file final-v4.txt (compact mmCIF, C-alpha atoms)
# COMPACT_ATOMS: atom_id res chain seq x y z
CA MET A 222 44.98 157.82 105.60
CA ALA A 223 45.63 154.22 106.11
CA PHE A 224 49.24 153.90 105.03
CA ASP A 225 50.03 153.84 108.74
CA ASN A 226 48.65 150.29 108.96
CA ALA A 227 51.71 149.03 107.11
CA PHE A 228 53.02 147.91 110.51
CA GLU A 229 49.98 145.72 110.99
CA ALA A 230 50.80 144.01 107.74
CA LEU A 231 54.06 142.81 109.30
CA THR A 232 52.17 140.58 111.67
CA ASP A 233 49.00 138.68 111.15
CA ALA A 234 47.16 139.39 114.38
CA SER A 235 44.73 136.50 114.07
CA ASP A 236 47.41 133.88 113.58
CA ASP A 237 48.56 132.43 116.91
CA SER A 238 50.23 129.33 115.49
CA ARG A 239 53.69 130.94 115.57
CA TRP A 240 53.58 131.36 119.34
CA ALA A 241 54.34 128.61 121.83
CA PHE A 242 51.94 128.70 124.75
CA GLY A 243 53.30 126.70 127.67
CA THR A 244 53.29 122.93 127.37
CA GLY A 245 50.72 120.69 125.78
CA PHE A 246 52.20 120.92 122.28
CA GLU A 247 50.37 118.92 119.72
CA ASP A 248 51.95 115.97 118.02
CA PRO A 249 53.96 117.66 115.26
CA LEU A 250 52.99 114.89 112.85
CA SER A 251 49.25 114.95 113.60
CA GLY A 252 47.24 114.50 110.40
CA VAL A 253 50.18 112.90 108.61
CA ASP A 254 50.08 109.31 107.38
CA THR A 255 52.79 107.75 109.55
CA SER A 256 52.46 104.13 108.45
CA VAL A 257 55.80 102.63 107.48
CA PRO A 258 55.95 101.90 103.73
CA SER A 259 56.31 98.24 102.79
CA GLY A 260 59.92 97.35 102.08
CA VAL A 261 61.19 99.76 104.72
CA ASP A 262 62.64 98.27 107.90
CA GLY A 263 60.59 100.01 110.62
CA SER A 264 63.02 99.42 113.46
CA ALA A 265 65.98 100.63 111.38
CA LEU A 266 63.98 103.68 110.33
CA ALA A 267 63.12 104.48 113.94
CA ALA A 268 66.73 104.01 115.03
CA TYR A 269 67.96 106.28 112.26
CA CYS A 270 65.40 109.00 113.05
CA LEU A 271 66.57 108.86 116.66
CA MET A 272 70.19 109.34 115.58
CA LEU A 273 69.33 112.40 113.50
CA GLY A 274 66.96 113.68 116.18
CA ASP A 275 69.59 113.28 118.90
CA ASP A 276 72.16 115.18 116.81
CA ALA A 277 69.69 118.06 116.53
CA LEU A 278 68.53 118.02 120.17
CA ILE A 279 71.99 117.85 121.69
CA PHE A 280 73.58 120.43 119.42
CA SER A 281 70.56 122.67 119.90
CA HIS A 282 71.17 122.52 123.65
CA ARG A 283 74.79 123.55 123.15
CA LEU A 284 73.64 126.47 121.00
CA GLN A 285 71.12 127.51 123.65
CA GLN A 286 74.01 127.82 126.09
CA TRP A 287 75.18 130.82 124.03
CA CYS A 288 72.17 132.83 125.19
CA THR A 289 73.59 135.71 127.31
CA ASN A 290 77.11 134.60 126.30
CA ALA A 291 77.43 135.61 122.64
CA PRO A 292 79.93 138.32 121.67
CA GLU A 293 77.25 140.48 120.02
CA LEU A 294 73.54 140.86 120.64
CA GLU A 295 72.79 140.33 116.96
CA ASP A 296 74.71 137.05 116.90
CA GLU A 297 73.09 135.87 120.09
CA VAL A 298 69.73 135.99 118.36
CA ALA A 299 71.17 134.35 115.24
CA ILE A 300 72.60 131.46 117.29
CA ALA A 301 69.34 131.06 119.21
CA ASN A 302 67.43 130.97 115.90
CA ILE A 303 69.67 128.17 114.66
CA GLY A 304 69.16 126.30 117.93
CA LEU A 305 65.40 126.64 117.55
CA ASP A 306 65.49 125.35 113.98
CA LEU A 307 67.36 122.26 115.17
CA LEU A 308 64.98 121.76 118.08
CA GLY A 309 62.13 121.76 115.56
CA GLN A 310 63.94 119.10 113.51
CA ALA A 311 64.44 117.02 116.65
CA ARG A 312 60.71 117.18 117.49
CA LEU A 313 59.71 115.93 114.05
CA LEU A 314 62.33 113.17 114.03
CA PHE A 315 61.41 111.96 117.53
CA ALA A 316 57.74 111.91 116.60
CA ARG A 317 58.64 109.89 113.50
CA ALA A 318 60.73 107.45 115.56
CA GLY A 319 57.92 106.87 118.07
CA LYS A 320 55.53 105.99 115.26
CA ALA A 321 57.97 103.93 113.17
CA ASP A 322 59.00 101.60 115.99
CA GLY A 323 55.39 101.12 117.07
CA SER A 324 56.17 102.09 120.67
CA GLY A 325 54.13 105.28 120.50
CA ARG A 326 56.72 107.07 122.60
CA SER A 327 56.40 110.86 122.53
CA GLU A 328 59.10 113.44 121.81
CA ASP A 329 59.31 114.15 125.56
CA ASP A 330 59.90 110.46 126.30
CA PHE A 331 62.83 110.47 123.93
CA ALA A 332 64.32 113.80 125.01
CA PHE A 333 63.85 113.67 128.76
CA LEU A 334 63.49 110.07 129.87
CA ARG A 335 66.38 108.27 128.24
CA VAL A 336 69.77 107.82 129.87
CA GLU A 337 73.13 108.65 128.36
CA HIS A 338 73.92 105.36 126.62
CA GLU A 339 70.55 105.44 124.85
CA PHE A 340 71.42 108.69 123.06
CA ARG A 341 72.74 108.14 119.54
CA ASN A 342 74.09 111.56 118.59
CA VAL A 343 77.56 111.97 117.09
CA ARG A 344 80.08 113.22 119.63
CA LEU A 345 80.64 116.44 117.66
CA ALA A 346 77.19 117.63 118.76
CA GLU A 347 77.91 117.33 122.48
CA LEU A 348 81.32 119.08 122.55
CA GLU A 349 81.57 121.46 125.45
CA ARG A 350 80.98 125.11 124.60
CA GLY A 351 84.28 126.76 123.73
CA ASP A 352 84.98 130.18 122.28
CA PHE A 353 83.18 131.77 119.32
CA GLY A 354 85.79 130.43 116.88
CA GLN A 355 85.13 126.89 118.05
CA LEU A 356 81.37 127.42 117.77
CA ILE A 357 81.75 128.58 114.18
CA ALA A 358 84.01 125.61 113.36
CA VAL A 359 81.59 123.08 114.88
CA LEU A 360 78.59 124.74 113.25
CA LEU A 361 80.34 124.80 109.87
CA VAL A 362 81.22 121.11 110.06
CA PHE A 363 77.84 120.09 111.50
CA SER A 364 75.67 122.05 109.08
CA THR A 365 77.74 121.16 105.99
CA TRP A 366 77.51 117.47 106.85
CA ARG A 367 73.84 117.58 107.78
CA LEU A 368 72.84 119.60 104.72
CA ALA A 369 74.66 117.15 102.44
CA LEU A 370 72.87 114.31 104.21
CA PHE A 371 69.41 115.89 104.15
CA SER A 372 69.67 116.74 100.46
CA ARG A 373 70.03 112.99 99.89
CA LEU A 374 67.34 111.99 102.38
CA VAL A 375 64.70 113.84 100.34
CA ASP A 376 64.78 110.71 98.17
CA SER A 377 64.17 108.49 101.17
CA GLU A 378 61.69 105.66 100.70
CA ASP A 379 59.87 106.84 103.80
CA ALA A 380 57.80 109.84 102.73
CA VAL A 381 57.72 111.31 106.24
CA LEU A 382 61.51 111.29 106.59
CA ALA A 383 61.78 112.72 103.07
CA ALA A 384 59.44 115.57 104.02
CA ILE A 385 61.32 116.30 107.25
CA ALA A 386 64.55 116.45 105.24
CA ALA A 387 63.01 118.79 102.66
CA LYS A 388 61.93 121.18 105.40
CA GLY A 389 65.35 120.99 107.06
CA ILE A 390 67.28 121.83 103.90
CA LYS A 391 66.13 125.46 103.90
CA GLU A 392 67.12 125.86 107.53
CA LEU A 393 70.48 124.12 107.19
CA THR A 394 71.38 126.13 104.12
CA TYR A 395 71.13 129.25 106.25
CA HIS A 396 73.07 127.69 109.13
CA ARG A 397 75.91 126.74 106.81
CA ASP A 398 75.88 130.19 105.25
CA TYR A 399 76.05 131.84 108.67
CA ALA A 400 78.97 129.66 109.76
CA ALA A 401 80.84 130.02 106.47
CA ARG A 402 80.56 133.82 106.54
CA TRP A 403 81.99 133.98 110.04
CA ALA A 404 84.71 131.44 109.22
CA VAL A 405 85.86 133.61 106.32
CA ARG A 406 85.52 136.83 108.31
CA LEU A 407 87.59 135.51 111.21
CA GLY A 408 89.99 133.33 109.23
CA ASP A 409 90.78 136.07 106.73
CA GLY A 410 90.60 138.80 109.40
CA THR A 411 93.40 139.83 111.71
CA GLU A 412 96.31 137.65 112.72
CA TYR A 413 94.68 137.09 116.10
CA SER A 414 91.23 136.19 114.72
CA HIS A 415 92.88 133.83 112.24
CA GLU A 416 94.70 132.09 115.06
CA ARG A 417 91.53 131.66 117.15
CA MET A 418 89.52 130.41 114.15
CA GLN A 419 92.23 127.91 113.22
CA ALA A 420 92.34 126.70 116.82
CA GLY A 421 88.54 126.29 116.81
CA LEU A 422 88.78 124.20 113.68
CA GLY A 423 91.46 122.10 115.34
CA SER A 424 89.19 121.27 118.27
CA ALA A 425 86.29 120.22 116.01
CA TRP A 426 88.30 118.23 113.50
CA PRO A 427 88.95 115.03 115.53
CA TYR A 428 85.19 114.42 115.39
CA VAL A 429 84.82 114.64 111.61
CA GLU A 430 85.71 111.01 110.79
CA GLU A 431 82.89 109.76 112.98
CA LEU A 432 80.32 111.61 110.84
CA PHE A 433 81.15 109.46 107.85
CA ALA A 434 81.56 106.06 109.48
CA GLN A 435 78.54 104.23 108.12
CA HIS A 436 76.56 102.65 110.92
CA ASP A 437 74.80 99.32 110.50
CA VAL A 438 71.42 101.07 110.68
CA GLU A 439 72.42 103.37 107.80
CA ARG A 440 73.58 100.40 105.80
CA ARG A 441 70.24 98.63 106.32
CA LEU A 442 68.39 101.72 105.09
CA GLY A 443 70.80 102.39 102.24
CA VAL A 444 71.66 105.91 103.43
CA PRO A 445 74.51 107.34 101.32
CA VAL A 446 77.68 108.79 102.85
CA PRO A 447 78.08 112.39 101.59
CA ARG A 448 81.82 112.65 102.19
CA GLU A 449 82.70 114.09 98.80
CA GLU A 450 80.31 117.02 99.04
CA PHE A 451 81.52 117.73 102.56
CA ASP A 452 85.17 117.78 101.51
CA GLU A 453 84.40 119.97 98.54
CA VAL A 454 82.44 122.57 100.51
CA LEU A 455 84.90 122.64 103.38
CA SER A 456 87.93 123.05 101.13
CA GLN A 457 86.19 125.94 99.37
CA VAL A 458 85.36 127.70 102.65
CA LEU A 459 88.75 127.03 104.23
CA GLU A 460 90.54 128.35 101.17
CA ALA A 461 88.50 131.57 101.18
CA ALA A 462 89.17 131.86 104.91
CA THR A 463 92.93 131.21 104.47
CA LEU A 464 92.59 128.35 106.96
CA THR A 465 94.22 124.94 106.70
CA THR A 466 92.74 121.51 107.27
CA PRO A 467 93.96 120.50 110.73
CA GLU A 468 96.39 117.60 110.91
CA VAL A 469 94.93 115.89 113.94
CA PRO A 470 94.13 112.24 114.54
CA PRO A 471 90.44 111.34 114.88
CA ARG A 472 89.09 110.99 118.38
CA ALA A 473 89.35 107.30 119.20
CA ALA A 474 86.35 105.03 119.46
CA VAL A 475 85.84 103.03 122.67
CA ALA A 476 86.12 99.34 121.76
CA GLY A 477 85.00 100.33 118.27
CA ARG A 478 81.98 102.22 119.55
CA THR A 479 81.23 105.93 119.21
CA GLY A 480 78.29 108.31 119.69
CA ARG A 481 76.08 106.40 117.27
CA ASP A 482 76.46 103.34 119.55
CA GLY A 483 75.68 105.30 122.71
CA VAL A 484 79.28 105.84 123.80
CA HIS A 485 79.81 109.52 124.56
CA THR A 486 82.40 111.94 125.88
CA GLU A 487 82.51 113.04 129.48
CA ALA A 488 80.66 116.26 128.61
CA MET A 489 77.49 114.36 127.69
CA GLY A 490 76.47 113.45 131.25
CA PHE A 491 76.62 117.06 132.39
CA LEU A 492 74.67 118.18 129.35
CA LEU A 493 71.88 115.67 129.98
CA ALA A 494 71.74 116.52 133.67
CA GLU A 495 70.93 120.10 132.71
CA LEU A 496 68.68 119.25 129.78
CA GLN A 497 66.57 116.77 131.73
CA SER A 498 66.58 118.32 135.21
CA VAL A 499 63.12 119.90 135.13
CA ALA A 500 61.42 116.93 133.49
CA ARG A 501 63.01 114.58 136.03
CA ALA A 502 62.23 116.75 139.07
CA TYR A 503 58.59 117.25 138.08
CA PRO A 504 57.54 114.16 136.09
CA GLY A 505 54.59 114.84 133.82
CA ALA A 506 54.29 118.47 134.92
CA THR A 507 52.53 120.94 132.64
CA TRP A 508 52.21 124.70 132.80
CA MET B 149 80.47 146.50 119.79
CA ASN B 150 80.65 150.28 119.80
CA ASP B 151 82.89 150.33 116.76
CA TRP B 152 80.28 148.57 114.66
CA THR B 153 78.14 150.77 112.42
CA LEU B 154 74.55 151.58 113.32
CA TYR B 155 72.03 150.58 110.65
CA GLU B 156 68.31 151.27 110.31
CA VAL B 157 66.16 148.37 109.13
CA PHE B 158 63.14 148.50 106.83
CA VAL B 159 60.97 145.46 106.21
CA ARG B 160 58.22 144.91 103.66
CA GLY B 161 55.57 142.60 104.98
CA LYS B 162 53.72 141.71 101.83
CA ARG B 163 54.09 142.19 98.13
CA GLY B 164 52.50 145.50 97.13
CA LEU B 165 52.97 147.21 100.48
CA ASN B 166 55.78 149.62 101.26
CA HIS B 167 58.84 148.98 103.42
CA VAL B 168 58.40 150.25 106.97
CA HIS B 169 60.99 151.08 109.57
CA VAL B 170 61.16 148.33 112.19
CA GLY B 171 64.25 149.19 114.22
CA SER B 172 68.00 149.36 114.17
CA LEU B 173 71.02 147.13 114.68
CA ARG B 174 74.79 147.15 114.59
CA ALA B 175 76.98 145.34 112.05
CA ALA B 176 80.52 145.38 110.73
CA ASP B 177 79.46 145.87 107.10
CA ASP B 178 76.41 146.08 104.82
CA GLU B 179 76.22 142.37 104.12
CA MET B 180 76.35 141.47 107.80
CA ALA B 181 73.70 144.10 108.51
CA LEU B 182 71.34 142.42 106.07
CA HIS B 183 71.89 139.01 107.68
CA ASN B 184 71.52 140.40 111.19
CA ALA B 185 68.29 142.07 110.11
CA ARG B 186 67.00 138.73 108.87
CA ASP B 187 67.77 137.18 112.25
CA LEU B 188 66.47 140.03 114.39
CA TYR B 189 63.43 141.32 112.54
CA THR B 190 61.95 138.52 110.43
CA ARG B 191 61.90 135.72 113.01
CA ARG B 192 58.10 135.54 113.02
CA ASN B 193 57.57 135.49 109.32
CA GLU B 194 57.19 139.26 109.05
CA GLY B 195 58.87 139.96 105.77
CA VAL B 196 59.41 139.30 102.11
CA SER B 197 62.03 142.02 101.62
CA ILE B 198 64.58 143.84 103.80
CA TRP B 199 66.43 147.13 103.33
CA VAL B 200 69.27 148.18 105.59
CA VAL B 201 70.59 151.75 105.56
CA ARG B 202 73.53 153.19 107.48
CA ALA B 203 71.96 155.50 110.06
CA ALA B 204 74.64 158.11 109.30
CA ASP B 205 73.47 158.24 105.68
CA ILE B 206 69.95 159.32 106.60
CA THR B 207 69.31 163.04 106.46
CA ALA B 208 66.51 163.82 108.88
CA SER B 209 64.41 166.92 109.44
CA SER B 210 65.19 168.71 112.66
CA PRO B 211 62.57 169.15 115.41
CA ASP B 212 63.58 172.85 115.60
CA GLU B 213 62.39 173.37 112.05
CA LYS B 214 59.05 171.73 112.69
CA ASP B 215 57.01 174.87 112.14
CA PRO B 216 58.57 176.18 108.93
CA PHE B 217 58.61 172.64 107.57
CA PHE B 218 55.16 171.38 108.42
CA ALA B 219 52.84 174.11 109.73
CA PRO B 220 52.18 175.83 106.36
CA SER B 221 50.43 172.75 104.99
CA GLY B 222 48.07 172.52 107.97
CA ASP B 223 45.40 174.93 106.69
CA LYS B 224 45.38 173.90 103.04
CA VAL B 225 42.48 171.53 103.11
CA TYR B 226 42.12 171.72 99.33
CA ARG B 227 45.30 169.65 98.96
CA HIS B 228 43.55 166.61 100.44
CA PRO B 229 41.46 164.60 98.00
CA THR B 230 38.75 164.32 100.64
CA PHE B 231 35.99 165.41 98.30
CA TYR B 232 35.98 162.11 96.45
CA ASP B 233 34.20 158.93 97.50
CA ILE B 234 36.66 156.05 97.55
CA PRO B 235 35.08 152.78 96.43
CA ASP B 236 35.16 150.03 99.06
CA ASN B 237 37.28 147.75 96.90
CA VAL B 238 40.22 150.17 96.66
CA PRO B 239 42.71 149.00 99.28
CA HIS B 240 45.46 150.88 101.19
CA MET B 241 43.95 154.38 100.88

call {"tool": "encode", "arguments": {"input": "final-v4.txt", "output": "structure tokens"}}
result
Amino acid sequence: MAFDNAFEALTDASDDSRWAFGTGFEDPLSGVDTSVPSGVDGSALAAYCLMLGDDALIFSHRLQQWCTNAPELEDEVAIANIGLDLLGQARLLFARAGKADGSGRSEDDFAFLRVEHEFRNVRLAELERGDFGQLIAVLLVFSTWRLALFSRLVDSEDAVLAAIAAKGIKELTYHRDYAARWAVRLGDGTEYSHERMQAGLGSAWPYVEELFAQHDVERRLGVPVPREEFDEVLSQVLEAATLTTPEVPPRAAVAGRTGRDGVHTEAMGFLLAELQSVARAYPGATW
Amino acid sequence: MNDWTLYEVFVRGKRGLNHVHVGSLRAADDEMALHNARDLYTRRNEGVSIWVVRAADITASSPDEKDPFFAPSGDKVYRHPTFYDIPDNVPHM
């Protein structure tokens, strides 16, 4: 009797859309009205989408580097899932940027064919992979900040950006939850785990200020700075985790310029070399 | 990893269907098991509900007792409601 087809119900055999078959992805915004609404500065919108897209792409790459390196198999998959969510956000944001600036550049053009100083991600996203405590600290800071930002961007004047933000909120809520759980588990764990978690927080903290320095592009678009929500969430998590806010000076800007202006840390060049190597060695290749 | 507890995972694909066993995982506690199950077993939109059960808490029938357990029901055809016609629009039967 057919109760044994309950397994079939777990997957919908006729639905192939959840699989990625080689290259040749479709434009993720195909069928969407991508005209820039009147009153919105198209070039500022494109620049801002690139900033958010670069944050997602670069941090996603760092998360991918945990594959085969995570402390537990279960967490390896969890970290890869988070990386994939962010990669999806990057694709949408790049597609939006290419339409908004009228250049028609594709997501691949943005990801693989720009050089270091053209990337606009915050420096937090590119930090070299440290231990698991550092990963959790960076993920907690990154996802708390980004979730606070996206929950404001749903009111964006550009409907496409608002929709991308609305989709991202569900993902980021989970990312923040994952990071917060581990922060509490490690911080309020053994003396040794507490020490490692506190050290991880210390290595992420110099890059926090940069997240809330309003860039000219954000000013032109009227993007709010969600510092209060960030501080509130972080203090709640850190208290539960018996961790303290690190007393460290912010990482200095270079002649007033940081990641958002295309000035990156030394780690960025190595990251891009790896990220772009295949696309540069075989231009235009498909498989 | 060996000191983490082994859990069995059950996922329900759609409302109205039953939970089915999809695999196992290790976790430090129940809450972590549930989150790990979400990450390991519902990545492709498989589920609307997850149960996790400590493997040690499952009492299973033993293969040695297969005959006394299951053989006696083999020849009792009258226990199967096979003499009824099931209408086409009755699902999951």

call {"tool": "residues_near_point", "arguments": {"input": "final-v4.txt", "point": "(63.1, 140.6, 109.5)", "cutoff": "10 Å", "atoms": "all atoms listed in the file", "output": "PyMOL selection string"}}
result
(chain A and resi 231) or (chain B and resi 157-161+170-171+182-199)

call {"tool": "residues_around", "arguments": {"input": "final-v4.txt", "residues": "Glu295 of chain A", "least_positions_apart": "3", "cutoff": "12 Å", "atoms": "all atoms listed in the file", "output": "ChimeraX atom specification"}}
result
/A:288-292,298-302 /B:149,152,154,172-176,180-189

call {"tool": "atom_distance", "arguments": {"input": "final-v4.txt", "atom1": "atom CA of Leu459 of chain A", "atom2": "atom CA of Gly309 of chain A"}}
result
29.4 Å

call {"tool": "atom_distance", "arguments": {"input": "final-v4.txt", "atom1": "atom CA of Tyr428 of chain A", "atom2": "atom CA of Val444 of chain A"}}
result
20.0 Å

call {"tool": "atom_distance", "arguments": {"input": "final-v4.txt", "atom1": "atom CA of Gln286 of chain A", "atom2": "atom CA of Glu495 of chain A"}}
result
10.6 Å

call {"tool": "closest_residue", "arguments": {"input": "final-v4.txt", "among": "A:Thr411, A:Ser324, A:Ser456, A:Thr463", "to": "Thr365 of chain A", "atoms": "only C-alpha atoms"}}
result
A:Ser456

call {"tool": "closest_residue", "arguments": {"input": "final-v4.txt", "among": "A:Arg440, A:Lys388, A:Arg402, A:Arg448", "to": "chain B", "atoms": "all atoms listed in the file"}}
result
A:Arg402

call {"tool": "closest_residue", "arguments": {"input": "final-v4.txt", "among": "A:Asp352, A:Leu334, A:Leu313, A:Leu492", "to": "Glu247 of chain A", "atoms": "all atoms listed in the file"}}
result
A:Leu313

call {"tool": "residues_around", "arguments": {"input": "final-v4.txt", "residues": "Ala420 of chain A", "least_positions_apart": "4", "cutoff": "8 Å", "atoms": "only C-alpha atoms", "output": "ChimeraX atom specification"}}
result
/A:354-355,416,424

call {"tool": "closest_residue", "arguments": {"input": "final-v4.txt", "among": "B:Glu179, B:Asp212, B:Glu156, B:Asp233", "to": "chain A", "atoms": "all atoms listed in the file"}}
result
B:Glu179

call {"tool": "residues_around", "arguments": {"input": "final-v4.txt", "residues": "segment 474-478 of chain A", "least_positions_apart": "6", "cutoff": "12 Å", "atoms": "all atoms listed in the file", "output": "compact mmCIF listing (two decimals) with C-alpha atoms, keeping the file's coordinate frame"}}
result
# COMPACT_ATOMS: atom_id res chain seq x y z
CA HIS A 338 73.92 105.36 126.62
CA ARG A 341 72.74 108.14 119.54
CA VAL A 343 77.56 111.97 117.09
CA ARG A 344 80.08 113.22 119.63
CA PRO A 427 88.95 115.03 115.53
CA TYR A 428 85.19 114.42 115.39
CA GLU A 430 85.71 111.01 110.79
CA GLU A 431 82.89 109.76 112.98
CA ALA A 434 81.56 106.06 109.48
CA HIS A 436 76.56 102.65 110.92
CA ASP A 437 74.80 99.32 110.50
CA VAL A 484 79.28 105.84 123.80
CA HIS A 485 79.81 109.52 124.56
CA THR A 486 82.40 111.94 125.88

call {"tool": "build_atoms", "arguments": {"input": "final-v4.txt", "residues": "segment 177-185 of chain B", "atoms": "all heavy atoms", "output": "CSV table (one decimal), keeping the file's coordinate frame"}}
result
chain,number,residue,atom,x,y,z
B,177,ASP,N,79.6,145.4,108.5
B,177,ASP,CA,79.5,145.9,107.1
B,177,ASP,C,78.0,145.6,106.6
B,177,ASP,O,77.2,145.1,107.3
B,177,ASP,CB,80.5,145.2,106.2
B,177,ASP,CG,80.4,143.7,106.1
B,177,ASP,OD1,79.2,143.2,106.3
B,177,ASP,OD2,81.4,143.0,105.9
B,178,ASP,N,77.8,146.1,105.4
B,178,ASP,CA,76.4,146.1,104.8
B,178,ASP,C,75.8,144.7,104.8
B,178,ASP,O,74.7,144.4,105.1
B,178,ASP,CB,76.4,146.7,103.4
B,178,ASP,CG,76.8,148.1,103.4
B,178,ASP,OD1,77.0,148.7,104.5
B,178,ASP,OD2,76.9,148.7,102.3
B,179,GLU,N,76.7,143.7,104.3
B,179,GLU,CA,76.2,142.4,104.1
B,179,GLU,C,75.8,141.8,105.5
B,179,GLU,O,74.8,141.1,105.6
B,179,GLU,CB,77.4,141.6,103.5
B,179,GLU,CG,77.0,140.3,102.8
B,179,GLU,CD,75.9,140.4,101.7
B,179,GLU,OE1,75.9,141.5,101.1
B,179,GLU,OE2,75.2,139.5,101.5
B,180,MET,N,76.7,142.0,106.5
B,180,MET,CA,76.4,141.5,107.8
B,180,MET,C,75.1,142.1,108.4
B,180,MET,O,74.3,141.5,109.0
B,180,MET,CB,77.5,141.7,108.8
B,180,MET,CG,77.3,141.0,110.1
B,180,MET,SD,78.4,141.6,111.4
B,180,MET,CE,79.9,140.7,111.1
B,181,ALA,N,74.9,143.4,108.0
B,181,ALA,CA,73.7,144.1,108.5
B,181,ALA,C,72.4,143.4,108.0
B,181,ALA,O,71.5,143.3,108.7
B,181,ALA,CB,73.8,145.6,108.1
B,182,LEU,N,72.5,143.1,106.7
B,182,LEU,CA,71.3,142.4,106.1
B,182,LEU,C,71.0,141.1,106.7
B,182,LEU,O,69.9,140.7,107.0
B,182,LEU,CB,71.6,142.2,104.6
B,182,LEU,CG,70.5,141.9,103.7
B,182,LEU,CD1,69.4,143.0,103.7
B,182,LEU,CD2,71.0,141.7,102.2
B,183,HIS,N,72.1,140.3,107.0
B,183,HIS,CA,71.9,139.0,107.7
B,183,HIS,C,71.4,139.2,109.1
B,183,HIS,O,70.6,138.4,109.6
B,183,HIS,CB,73.2,138.2,107.6
B,183,HIS,CG,73.4,137.6,106.3
B,183,HIS,ND1,73.9,138.2,105.2
B,183,HIS,CD2,73.1,136.3,105.8
B,183,HIS,CE1,73.9,137.4,104.1
B,183,HIS,NE2,73.4,136.3,104.5
B,184,ASN,N,72.0,140.2,109.8
B,184,ASN,CA,71.5,140.4,111.2
B,184,ASN,C,70.1,140.8,111.2
B,184,ASN,O,69.3,140.5,112.1
B,184,ASN,CB,72.4,141.5,111.9
B,184,ASN,CG,73.7,140.9,112.3
B,184,ASN,OD1,74.0,139.7,112.2
B,184,ASN,ND2,74.6,141.8,112.6
B,185,ALA,N,69.7,141.6,110.2
B,185,ALA,CA,68.3,142.1,110.1
B,185,ALA,C,67.4,140.9,109.9
B,185,ALA,O,66.3,140.8,110.5
B,185,ALA,CB,68.1,143.1,109.0
